[in-house]
Every structure is written in C-alpha cells, then in structure tokens.
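As provided, protein.pdb (PDB, C-alpha atoms, pLDDT in the B column) reads as follows.
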```pdb
MODEL        1
ATOM      1  CA  MET A  12      76.214  91.275  98.276  1.00 78.00           C
ATOM      2  CA  LYS A  13      79.204  91.224  95.921  1.00 89.00           C
ATOM      3  CA  THR A  14      81.442  94.320  95.853  1.00 93.00           C
ATOM      4  CA  LEU A  15      84.072  95.850  93.575  1.00 94.00           C
ATOM      5  CA  TYR A  16      86.658  94.417  95.959  1.00 94.00           C
ATOM      6  CA  ASP A  17      85.339  90.925  95.164  1.00 92.00           C
ATOM      7  CA  GLU A  18      85.466  91.578  91.416  1.00 91.00           C
ATOM      8  CA  VAL A  19      89.120  92.630  91.603  1.00 93.00           C
ATOM      9  CA  PHE A  20      90.435  89.749  93.682  1.00 93.00           C
ATOM     10  CA  ASN A  21      88.326  86.867  92.368  1.00 88.00           C
ATOM     11  CA  ASN A  22      90.518  84.541  90.217  1.00 83.00           C
ATOM     12  CA  VAL A  23      93.378  87.050  90.107  1.00 90.00           C
ATOM     13  CA  ASP A  24      97.088  86.301  89.702  1.00 93.00           C
ATOM     14  CA  LEU A  25      98.231  87.507  93.124  1.00 93.00           C
ATOM     15  CA  ASN A  26     101.913  87.519  92.122  1.00 94.00           C
ATOM     16  CA  LYS A  27     101.410  89.985  89.286  1.00 95.00           C
ATOM     17  CA  ILE A  28     102.279  93.688  89.679  1.00 97.00           C
ATOM     18  CA  ALA A  29      99.038  95.601  90.255  1.00 97.00           C
ATOM     19  CA  ILE A  30     100.274  99.146  90.964  1.00 98.00           C
ATOM     20  CA  ILE A  31     103.435 101.084  90.151  1.00 97.00           C
ATOM     21  CA  ASP A  32     103.686 104.244  92.257  1.00 94.00           C
ATOM     22  CA  GLU A  33     106.945 106.121  91.619  1.00 89.00           C
ATOM     23  CA  ASN A  34     109.712 103.626  92.533  1.00 89.00           C
ATOM     24  CA  ASN A  35     107.405 101.263  94.396  1.00 94.00           C
ATOM     25  CA  LYS A  36     105.777  98.194  92.880  1.00 96.00           C
ATOM     26  CA  TYR A  37     102.837  96.452  94.566  1.00 96.00           C
ATOM     27  CA  THR A  38     101.574  93.002  93.656  1.00 96.00           C
ATOM     28  CA  TYR A  39      97.913  92.010  93.779  1.00 96.00           C
ATOM     29  CA  LYS A  40      98.792  89.963  96.855  1.00 94.00           C
ATOM     30  CA  LYS A  41     100.186  93.065  98.606  1.00 94.00           C
ATOM     31  CA  LEU A  42      97.219  95.139  97.451  1.00 95.00           C
ATOM     32  CA  LYS A  43      94.746  92.570  98.793  1.00 94.00           C
ATOM     33  CA  ASN A  44      96.587  92.259 102.100  1.00 93.00           C
ATOM     34  CA  ASP A  45      96.709  96.037 102.587  1.00 94.00           C
ATOM     35  CA  CYS A  46      93.036  96.385 101.643  1.00 95.00           C
ATOM     36  CA  ASP A  47      92.118  93.795 104.262  1.00 93.00           C
ATOM     37  CA  ILE A  48      94.184  95.541 106.943  1.00 93.00           C
ATOM     38  CA  VAL A  49      92.657  98.962 106.205  1.00 94.00           C
ATOM     39  CA  TYR A  50      89.222  97.319 106.049  1.00 94.00           C
ATOM     40  CA  LEU A  51      89.632  95.964 109.594  1.00 92.00           C
ATOM     41  CA  LEU A  52      91.017  99.292 110.816  1.00 91.00           C
ATOM     42  CA  PHE A  53      88.118 101.300 109.402  1.00 93.00           C
ATOM     43  CA  LYS A  54      85.467  98.772 110.422  1.00 93.00           C
ATOM     44  CA  GLN A  55      86.668  98.827 114.034  1.00 91.00           C
ATOM     45  CA  LYS A  56      87.229 102.588 114.154  1.00 90.00           C
ATOM     46  CA  TYR A  57      84.265 103.885 112.127  1.00 91.00           C
ATOM     47  CA  GLY A  58      81.892 101.012 111.317  1.00 93.00           C
ATOM     48  CA  LEU A  59      79.985 100.361 108.082  1.00 93.00           C
ATOM     49  CA  LYS A  60      78.007 102.520 105.644  1.00 92.00           C
ATOM     50  CA  LYS A  61      79.759 105.868 106.262  1.00 94.00           C
ATOM     51  CA  LYS A  62      80.531 108.838 104.015  1.00 95.00           C
ATOM     52  CA  ILE A  63      84.250 109.179 103.317  1.00 95.00           C
ATOM     53  CA  CYS A  64      85.916 112.247 101.808  1.00 93.00           C
ATOM     54  CA  ILE A  65      89.218 111.484 100.045  1.00 94.00           C
ATOM     55  CA  CYS A  66      91.363 114.425  98.973  1.00 91.00           C
ATOM     56  CA  LEU A  67      94.675 112.902  97.861  1.00 91.00           C
ATOM     57  CA  PRO A  68      96.971 112.997  94.846  1.00 90.00           C
ATOM     58  CA  ASN A  69      97.256 109.789  92.848  1.00 92.00           C
ATOM     59  CA  CYS A  70      98.975 107.259  95.054  1.00 93.00           C
ATOM     60  CA  TYR A  71      98.850 103.591  96.017  1.00 95.00           C
ATOM     61  CA  LEU A  72      96.797 104.329  99.116  1.00 95.00           C
ATOM     62  CA  ASN A  73      94.164 106.102  97.022  1.00 95.00           C
ATOM     63  CA  VAL A  74      93.542 102.847  95.137  1.00 96.00           C
ATOM     64  CA  VAL A  75      93.367 100.916  98.424  1.00 97.00           C
ATOM     65  CA  LEU A  76      90.753 103.344  99.771  1.00 96.00           C
ATOM     66  CA  PHE A  77      88.512 102.958  96.706  1.00 97.00           C
ATOM     67  CA  LEU A  78      88.446  99.177  97.173  1.00 97.00           C
ATOM     68  CA  VAL A  79      88.093  99.277 100.965  1.00 96.00           C
ATOM     69  CA  SER A  80      85.224 101.767 100.695  1.00 96.00           C
ATOM     70  CA  ALA A  81      83.416  99.380  98.359  1.00 96.00           C
ATOM     71  CA  LYS A  82      83.855  96.494 100.807  1.00 94.00           C
ATOM     72  CA  LEU A  83      82.627  98.623 103.740  1.00 95.00           C
ATOM     73  CA  GLN A  84      79.642  99.914 101.722  1.00 95.00           C
ATOM     74  CA  TYR A  85      80.868 103.477 102.155  1.00 96.00           C
ATOM     75  CA  LYS A  86      79.777 106.375  99.994  1.00 96.00           C
ATOM     76  CA  ILE A  87      83.057 107.733  98.647  1.00 96.00           C
ATOM     77  CA  PHE A  88      83.530 111.416  97.773  1.00 95.00           C
ATOM     78  CA  PRO A  89      86.847 111.907  95.896  1.00 94.00           C
ATOM     79  CA  ILE A  90      87.798 115.603  95.856  1.00 91.00           C
ATOM     80  CA  ASN A  91      90.471 117.322  93.788  1.00 88.00           C
ATOM     81  CA  THR A  92      93.556 118.318  95.789  1.00 87.00           C
ATOM     82  CA  LYS A  93      93.423 121.836  94.311  1.00 86.00           C
ATOM     83  CA  ILE A  94      89.982 122.553  95.738  1.00 87.00           C
ATOM     84  CA  SER A  95      89.584 125.996  97.302  1.00 84.00           C
ATOM     85  CA  LYS A  96      89.151 126.265 101.054  1.00 85.00           C
ATOM     86  CA  ASN A  97      85.684 127.801 100.627  1.00 85.00           C
ATOM     87  CA  ASN A  98      84.484 125.024  98.326  1.00 85.00           C
ATOM     88  CA  PHE A  99      85.879 122.405 100.687  1.00 87.00           C
ATOM     89  CA  ILE A 100      83.926 123.932 103.594  1.00 85.00           C
ATOM     90  CA  ASN A 101      80.833 124.112 101.373  1.00 85.00           C
ATOM     91  CA  TYR A 102      81.142 120.418 100.420  1.00 87.00           C
ATOM     92  CA  SER A 103      81.774 119.441 104.027  1.00 87.00           C
ATOM     93  CA  ASN A 104      78.735 121.329 105.308  1.00 86.00           C
ATOM     94  CA  LYS A 105      76.475 120.009 102.559  1.00 87.00           C
ATOM     95  CA  PHE A 106      77.391 116.311 102.678  1.00 90.00           C
ATOM     96  CA  LYS A 107      78.486 115.958 106.323  1.00 90.00           C
ATOM     97  CA  PHE A 108      81.320 113.488 105.752  1.00 91.00           C
ATOM     98  CA  ASN A 109      81.991 110.966 108.521  1.00 91.00           C
ATOM     99  CA  ILE A 110      85.653 110.360 107.594  1.00 92.00           C
ATOM    100  CA  TYR A 111      88.326 112.575 106.037  1.00 92.00           C
ATOM    101  CA  ILE A 112      91.484 111.256 104.363  1.00 92.00           C
ATOM    102  CA  LEU A 113      93.676 114.191 103.353  1.00 88.00           C
ATOM    103  CA  ASP A 114      97.166 115.619 103.684  1.00 84.00           C
ATOM    104  CA  ASN A 115      96.567 119.252 102.693  1.00 80.00           C
ATOM    105  CA  ILE A 116      97.632 121.272 105.767  1.00 76.00           C
ATOM    106  CA  ASP A 117      95.182 124.122 105.161  1.00 79.00           C
ATOM    107  CA  LEU A 118      92.241 121.743 104.787  1.00 82.00           C
ATOM    108  CA  ILE A 119      93.302 119.779 107.858  1.00 80.00           C
ATOM    109  CA  LYS A 120      93.321 123.017 109.883  1.00 77.00           C
ATOM    110  CA  THR A 121      89.851 123.775 108.540  1.00 78.00           C
ATOM    111  CA  ILE A 122      88.302 120.527 109.720  1.00 75.00           C
ATOM    112  CA  HIS A 123      90.127 120.708 113.063  1.00 68.00           C
ATOM    113  CA  ASN A 124      88.734 124.206 113.568  1.00 67.00           C
ATOM    114  CA  LYS A 125      85.300 122.661 113.045  1.00 64.00           C
ATOM    115  CA  ASN A 126      86.124 120.131 115.811  1.00 57.00           C
ATOM    116  CA  ILE A 127      86.058 117.198 113.391  1.00 64.00           C
ATOM    117  CA  ASN A 128      88.079 114.310 114.800  1.00 64.00           C
ATOM    118  CA  ASN A 129      87.503 111.647 112.141  1.00 77.00           C
ATOM    119  CA  HIS A 130      90.602 112.498 110.126  1.00 80.00           C
ATOM    120  CA  LEU A 131      93.421 110.179 109.077  1.00 79.00           C
ATOM    121  CA  SER A 132      96.545 111.208 107.188  1.00 77.00           C
ATOM    122  CA  THR A 133      98.192 108.952 104.624  1.00 80.00           C
ATOM    123  CA  LYS A 134     101.286 108.947 106.847  1.00 81.00           C
ATOM    124  CA  ASN A 135      99.314 107.355 109.686  1.00 81.00           C
ATOM    125  CA  ILE A 136      97.751 104.711 107.443  1.00 86.00           C
ATOM    126  CA  TYR A 137     101.077 103.795 105.805  1.00 84.00           C
ATOM    127  CA  LYS A 138     102.565 103.490 109.295  1.00 82.00           C
ATOM    128  CA  ILE A 139      99.857 100.994 110.215  1.00 83.00           C
ATOM    129  CA  LEU A 140     100.523  99.003 107.028  1.00 85.00           C
ATOM    130  CA  ASP A 141     104.277  99.006 107.633  1.00 82.00           C
ATOM    131  CA  ASN A 142     103.803  97.729 111.196  1.00 76.00           C
ATOM    132  CA  ASN A 143     101.079  95.253 110.363  1.00 70.00           C
ATOM    133  CA  ASN A 144     100.637  92.373 112.774  1.00 57.00           C
ATOM    134  CA  ILE A 145      97.076  91.567 111.763  1.00 57.00           C
ATOM    135  CA  SER A 146      96.355  88.066 110.503  1.00 54.00           C
ATOM    136  CA  VAL A 147      94.292  88.408 107.336  1.00 53.00           C
ATOM    137  CA  LYS A 148      92.052  85.509 106.368  1.00 59.00           C
ATOM    138  CA  ASN A 149      91.207  84.389 102.837  1.00 56.00           C
ATOM    139  CA  ASN A 150      87.920  85.743 101.563  1.00 62.00           C
ATOM    140  CA  ASN A 151      84.926  83.719 100.423  1.00 61.00           C
ATOM    141  CA  TYR A 152      83.714  85.551  97.339  1.00 59.00           C
ATOM    142  CA  SER A 153      80.007  85.993  96.818  1.00 60.00           C
ATOM    143  CA  SER A 154      78.366  84.725  93.634  1.00 60.00           C
ATOM    144  CA  LYS A 155      75.521  87.199  94.006  1.00 73.00           C
ATOM    145  CA  LYS A 156      75.037  90.267  91.819  1.00 83.00           C
ATOM    146  CA  ILE A 157      77.246  93.253  92.519  1.00 88.00           C
ATOM    147  CA  SER A 158      75.902  95.902  94.896  1.00 87.00           C
ATOM    148  CA  THR A 159      73.510  98.531  93.533  1.00 90.00           C
ATOM    149  CA  ASN A 160      73.851 100.722  96.632  1.00 89.00           C
ATOM    150  CA  ARG A 161      75.200 104.251  96.231  1.00 92.00           C
ATOM    151  CA  TYR A 162      78.987 104.105  96.151  1.00 95.00           C
ATOM    152  CA  LEU A 163      80.713 106.900  94.248  1.00 94.00           C
ATOM    153  CA  ILE A 164      79.670 110.550  94.397  1.00 93.00           C
ATOM    154  CA  ILE A 165      81.552 112.740  91.921  1.00 89.00           C
ATOM    155  CA  LEU A 166      81.179 116.428  92.742  1.00 82.00           C
ATOM    156  CA  SER A 167      81.008 119.002  89.972  1.00 68.00           C
ATOM    157  CA  SER A 168      80.381 122.628  90.850  1.00 56.00           C
ATOM    158  CA  GLY A 169      80.782 124.217  87.417  1.00 54.00           C
ATOM    159  CA  SER A 170      80.996 127.985  87.783  1.00 54.00           C
ATOM    160  CA  THR A 171      78.586 128.267  90.705  1.00 60.00           C
ATOM    161  CA  GLY A 172      80.554 126.660  93.531  1.00 60.00           C
ATOM    162  CA  ASP A 173      77.435 124.672  94.413  1.00 69.00           C
ATOM    163  CA  PRO A 174      78.245 120.929  94.204  1.00 68.00           C
ATOM    164  CA  LYS A 175      76.102 118.916  91.775  1.00 77.00           C
ATOM    165  CA  PRO A 176      76.697 115.282  92.623  1.00 85.00           C
ATOM    166  CA  ILE A 177      76.882 112.537  89.999  1.00 89.00           C
ATOM    167  CA  ILE A 178      75.950 109.358  91.852  1.00 92.00           C
ATOM    168  CA  LEU A 179      77.053 105.880  90.765  1.00 93.00           C
ATOM    169  CA  SER A 180      76.535 102.499  92.355  1.00 95.00           C
ATOM    170  CA  GLN A 181      79.225  99.820  92.491  1.00 94.00           C
ATOM    171  CA  ARG A 182      77.307  98.000  89.772  1.00 94.00           C
ATOM    172  CA  ASN A 183      77.309 101.165  87.606  1.00 93.00           C
ATOM    173  CA  LYS A 184      81.061 101.508  87.979  1.00 91.00           C
ATOM    174  CA  TYR A 185      81.702  97.834  87.300  1.00 91.00           C
ATOM    175  CA  LEU A 186      79.547  97.665  84.147  1.00 91.00           C
ATOM    176  CA  ARG A 187      80.967 100.918  82.738  1.00 89.00           C
ATOM    177  CA  SER A 188      84.559  99.799  83.267  1.00 87.00           C
ATOM    178  CA  LYS A 189      83.870  96.257  82.044  1.00 85.00           C
ATOM    179  CA  PHE A 190      82.193  97.522  78.868  1.00 88.00           C
ATOM    180  CA  ALA A 191      85.072  99.945  78.213  1.00 88.00           C
ATOM    181  CA  GLY A 192      87.541  97.080  78.672  1.00 87.00           C
ATOM    182  CA  GLU A 193      85.648  94.930  76.184  1.00 89.00           C
ATOM    183  CA  THR A 194      85.484  97.823  73.711  1.00 92.00           C
ATOM    184  CA  TYR A 195      89.268  98.328  73.872  1.00 91.00           C
ATOM    185  CA  ARG A 196      89.893  94.542  73.882  1.00 92.00           C
ATOM    186  CA  PHE A 197      91.684  94.664  77.173  1.00 89.00           C
ATOM    187  CA  THR A 198      93.844  91.736  78.257  1.00 88.00           C
ATOM    188  CA  LYS A 199      95.688  90.910  81.475  1.00 88.00           C
ATOM    189  CA  ASN A 200      98.938  91.946  79.753  1.00 92.00           C
ATOM    190  CA  GLU A 201      97.996  95.636  79.603  1.00 95.00           C
ATOM    191  CA  VAL A 202     100.133  98.259  81.344  1.00 97.00           C
ATOM    192  CA  ILE A 203      97.996 101.363  81.860  1.00 96.00           C
ATOM    193  CA  ILE A 204      99.231 104.848  82.715  1.00 95.00           C
ATOM    194  CA  LEU A 205      96.987 107.267  84.578  1.00 92.00           C
ATOM    195  CA  PRO A 206      97.219 110.948  83.486  1.00 88.00           C
ATOM    196  CA  TYR A 207      94.155 112.006  85.512  1.00 89.00           C
ATOM    197  CA  GLN A 208      93.470 112.482  89.210  1.00 90.00           C
ATOM    198  CA  LEU A 209      91.183 109.894  90.801  1.00 92.00           C
ATOM    199  CA  ASP A 210      88.467 112.458  91.455  1.00 90.00           C
ATOM    200  CA  HIS A 211      88.020 112.415  87.645  1.00 87.00           C
ATOM    201  CA  SER A 212      85.670 109.827  86.083  1.00 86.00           C
ATOM    202  CA  VAL A 213      88.173 108.861  83.369  1.00 88.00           C
ATOM    203  CA  GLY A 214      90.879 108.374  85.988  1.00 91.00           C
ATOM    204  CA  GLN A 215      88.541 106.050  87.893  1.00 92.00           C
ATOM    205  CA  ARG A 216      87.663 104.173  84.698  1.00 90.00           C
ATOM    206  CA  LEU A 217      91.322 103.553  83.870  1.00 93.00           C
ATOM    207  CA  MET A 218      91.990 102.366  87.409  1.00 95.00           C
ATOM    208  CA  PHE A 219      89.073  99.926  87.483  1.00 94.00           C
ATOM    209  CA  MET A 220      89.651  98.719  83.895  1.00 92.00           C
ATOM    210  CA  SER A 221      93.181  97.809  84.907  1.00 94.00           C
ATOM    211  CA  LEU A 222      92.198  96.107  88.176  1.00 95.00           C
ATOM    212  CA  PHE A 223      89.232  94.167  86.751  1.00 92.00           C
ATOM    213  CA  HIS A 224      91.422  92.736  83.980  1.00 92.00           C
ATOM    214  CA  ASN A 225      94.420  91.894  86.188  1.00 93.00           C
ATOM    215  CA  GLY A 226      96.478  94.598  84.448  1.00 95.00           C
ATOM    216  CA  THR A 227      99.241  96.829  85.791  1.00 97.00           C
ATOM    217  CA  LEU A 228      98.464 100.467  86.643  1.00 97.00           C
ATOM    218  CA  VAL A 229     101.185 103.148  86.514  1.00 97.00           C
ATOM    219  CA  LEU A 230     100.280 106.155  88.681  1.00 95.00           C
ATOM    220  CA  THR A 231     101.326 109.743  87.997  1.00 92.00           C
ATOM    221  CA  LYS A 232     100.887 112.563  90.528  1.00 87.00           C
ATOM    222  CA  ASN A 233     100.205 115.183  87.853  1.00 84.00           C
ATOM    223  CA  PHE A 234     100.308 115.223  84.081  1.00 86.00           C
ATOM    224  CA  GLU A 235     103.766 116.382  83.002  1.00 89.00           C
ATOM    225  CA  PRO A 236     104.484 115.483  79.336  1.00 90.00           C
ATOM    226  CA  LYS A 237     108.180 114.628  79.756  1.00 91.00           C
ATOM    227  CA  VAL A 238     107.583 112.580  82.899  1.00 90.00           C
ATOM    228  CA  TRP A 239     104.607 110.845  81.276  1.00 92.00           C
ATOM    229  CA  TYR A 240     106.680 109.972  78.208  1.00 92.00           C
ATOM    230  CA  LYS A 241     109.582 108.614  80.267  1.00 93.00           C
ATOM    231  CA  LEU A 242     107.227 106.471  82.360  1.00 95.00           C
ATOM    232  CA  CYS A 243     105.633 105.065  79.204  1.00 95.00           C
ATOM    233  CA  ILE A 244     109.049 103.930  77.989  1.00 96.00           C
ATOM    234  CA  LYS A 245     110.307 102.745  81.381  1.00 96.00           C
ATOM    235  CA  HIS A 246     107.284 100.541  82.104  1.00 96.00           C
ATOM    236  CA  SER A 247     106.412  99.541  78.505  1.00 97.00           C
ATOM    237  CA  VAL A 248     102.978 101.140  78.767  1.00 97.00           C
ATOM    238  CA  THR A 249     100.415  99.732  76.328  1.00 96.00           C
ATOM    239  CA  PHE A 250      97.309 101.812  77.030  1.00 95.00           C
ATOM    240  CA  SER A 251      95.956 105.146  78.207  1.00 92.00           C
ATOM    241  CA  ILE A 252      93.099 107.527  77.475  1.00 90.00           C
ATOM    242  CA  LEU A 253      94.117 111.044  76.478  1.00 89.00           C
ATOM    243  CA  VAL A 254      92.288 114.253  75.631  1.00 88.00           C
ATOM    244  CA  SER A 255      93.457 116.932  73.185  1.00 90.00           C
ATOM    245  CA  PHE A 256      95.221 118.874  75.960  1.00 88.00           C
ATOM    246  CA  HIS A 257      97.438 115.883  76.716  1.00 88.00           C
ATOM    247  CA  ILE A 258      98.169 115.134  73.061  1.00 90.00           C
ATOM    248  CA  LYS A 259      99.151 118.719  72.207  1.00 91.00           C
ATOM    249  CA  ASN A 260     101.560 118.868  75.152  1.00 89.00           C
ATOM    250  CA  ILE A 261     103.084 115.476  74.334  1.00 88.00           C
ATOM    251  CA  LEU A 262     103.637 116.446  70.686  1.00 88.00           C
ATOM    252  CA  GLN A 263     105.370 119.661  71.740  1.00 85.00           C
TER     253      GLN A 263
ENDMDL
END
```

Could I get this file's structure written as structure tokens?
Amino acid sequence: MKTLYDEVFNNVDLNKIAIIDENNKYTYKKLKNDCDIVYLLFKQKYGLKKKICICLPNCYLNVVLFLVSAKLQYKIFPINTKISKNNFINYSNKFKFNIYILDNIDLIKTIHNKNINNHLSTKNIYKILDNNNISVKNNNYSSKKISTNRYLIILSSGSTGDPKPIILSQRNKYLRSKFAGETYRFTKNEVIILPYQLDHSVGQRLMFMSLFHNGTLVLTKNFEPKVWYKLCIKHSVTFSILVSFHIKNILQ
C-alpha cells in the first residue's frame, strides 16, 4: 500500500532544500535518509501499527516523524506543547499511546511516574542521526492507491477537557493537501513559511502541500510577527496561510 512517504519522495529533486529550521537547511536527500534511519530504528524497537504521541514544537524532527509514522502505518497523535498536565494524562489514559516523543520535563516525569518506558527525546533521536552508520537502500515505490487506514488523529477538547478526535487517513490528508495545492496553483518553486504548530490542521496542510510539490518549508517555533517578517525576507518566502490574528499583528 502506498504511503505519504512514497508520495513525497517519488520523482523528487533530492538536491533541493526541503526544510529550513532556524540556521539549518535540509535537502530532500537528507530528509529521506533520516526518515529511513528513524524508520528502521522504530521498526526494530517498537514494530508496526502503533499509536505514537508527538508533543514537540515545530522542528525538523517533527516533519521526519510525520513521514516515518505514515511508512510504519502508525496512528499519529500530535499534541500541542502547551497542553496542561491534566489533559495530557487524560489523553494518555484514553488513547493508550504506545510511543511518546516529547521534551517537556513535566510531561516526561508524568509518564515515567506511570511506569511508561516507550519514550524517546528529540536529543536521543538526533544523536542517532548524527552517528548514523546504517546503510539505507533505495525504495521501490508502490503504484497502488494511497493507504486509507487511520493515520492522523487531531484532538480537540473545546471547553470540556474531553478529547474529541478528528480522524483522517493518509489518503484523506493527501487529497486535501493536493487539492489545496491545485487551488493555490502551487509549483516546486514555492517557499512556504509555517506560522502554526504541527498539531494544527492548517500547519499540517502547509507542511504536506510543500512536501508534495517539492517546495521548501520554513519552520517557526512560535508566531512572532517581527521574526516571521524577517524570515519571509531572508528566505524569499512566496506563500503562507494566515488568519486575522496573524494579519493584525503583522500590520502593527
């Protein structure tokens, strides 16, 4: 079954810059190589078809984890880094995640107190990537239809604190992002800036629109108008999606 990973790396210019994260630039070749390394790590350590909770700020590794999760047929639960401890415990109890990727010290203490061992920090994963000795083979891409299995679970609690999951398949995510790209007449020359966290559906759409069209994605940790504006100029940004909150702050 074809995955989002396949859609990104099929007929892609591997030498092009895929991700800009602060002062670091990552080509599609580097992104693919790192995805394959993390894929092997997770497959050996955890196996296939797990539930993974990701609670990270926007960063290069976050993008890697979205693609690796698709390839491993994981259900991915992206959670906002500002989540309260009580809501985090509630989500954890309700969905029984198999894997946790987070750096928040308080949340790490929480899962350790619950005797949960399946936790990896970004520091540990980056260390593995930096010391990579794994030989990664070229992939044979499937021509079949993209997976319709459950992939992305976006949690929205509203005012109740009780998570109400929005569930999307890989095919859902691909078609939504592809249609948006066609609507905005996306080309491979686009440089996209991300003013949302990747637990947000628009943040995910911008990320996948960029990757599916061989664009360049500029990551921001948080939306800060002056920083956003400087990054737009520095990287010759051509596209973003903004809401009224962003526009008002930029104009000020």

Residue contacts of A:Ala29 (12 Å, all atoms listed in the file) excluding same-chain residues fewer than 3 positions away, as an MDAnalysis selection string: chainID A and resid 19:20 23:26 32 35:43 71 74:75 199:204 218:230

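Nearest-residue note for A:Leu52: choosing from A:Ser188, A:Asn143, A:Asn34, A:Gln263, the minimum distance belongs to A:Asn143, counting all atoms listed in the file.
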
Nearest residue to A:Ile48 from the set A:Asn21, A:Asn142, A:Thr121, A:Ser132 (distances using only C-alpha atoms):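 That would be A:Asn142, the residue with the smallest distance to A:Ile48.
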
Box time for stretch 69-88 of chain A: axis-aligned, enclosing all its listed atoms, 8 Å extra on each side; report centre and edge lengths in Å to one decimal, as AutoDock Vina command-line options.
```
--center_x 89.3 --center_y 104.0 --center_z 98.3 --size_x 35.3 --size_y 30.9 --size_z 26.9
```

Nearest-residue call for A:Ile136, choices A:Asn73, A:Thr249, A:Asn91, A:Ser255, using all atoms listed in the file: A:Asn73

Contacts of stretch 235-239 of chain A within 7 Å, only C-alpha atoms, excl. fewer than 3 positions in-chain, as an NGL selection string: :A and (242-243 or 260-261)
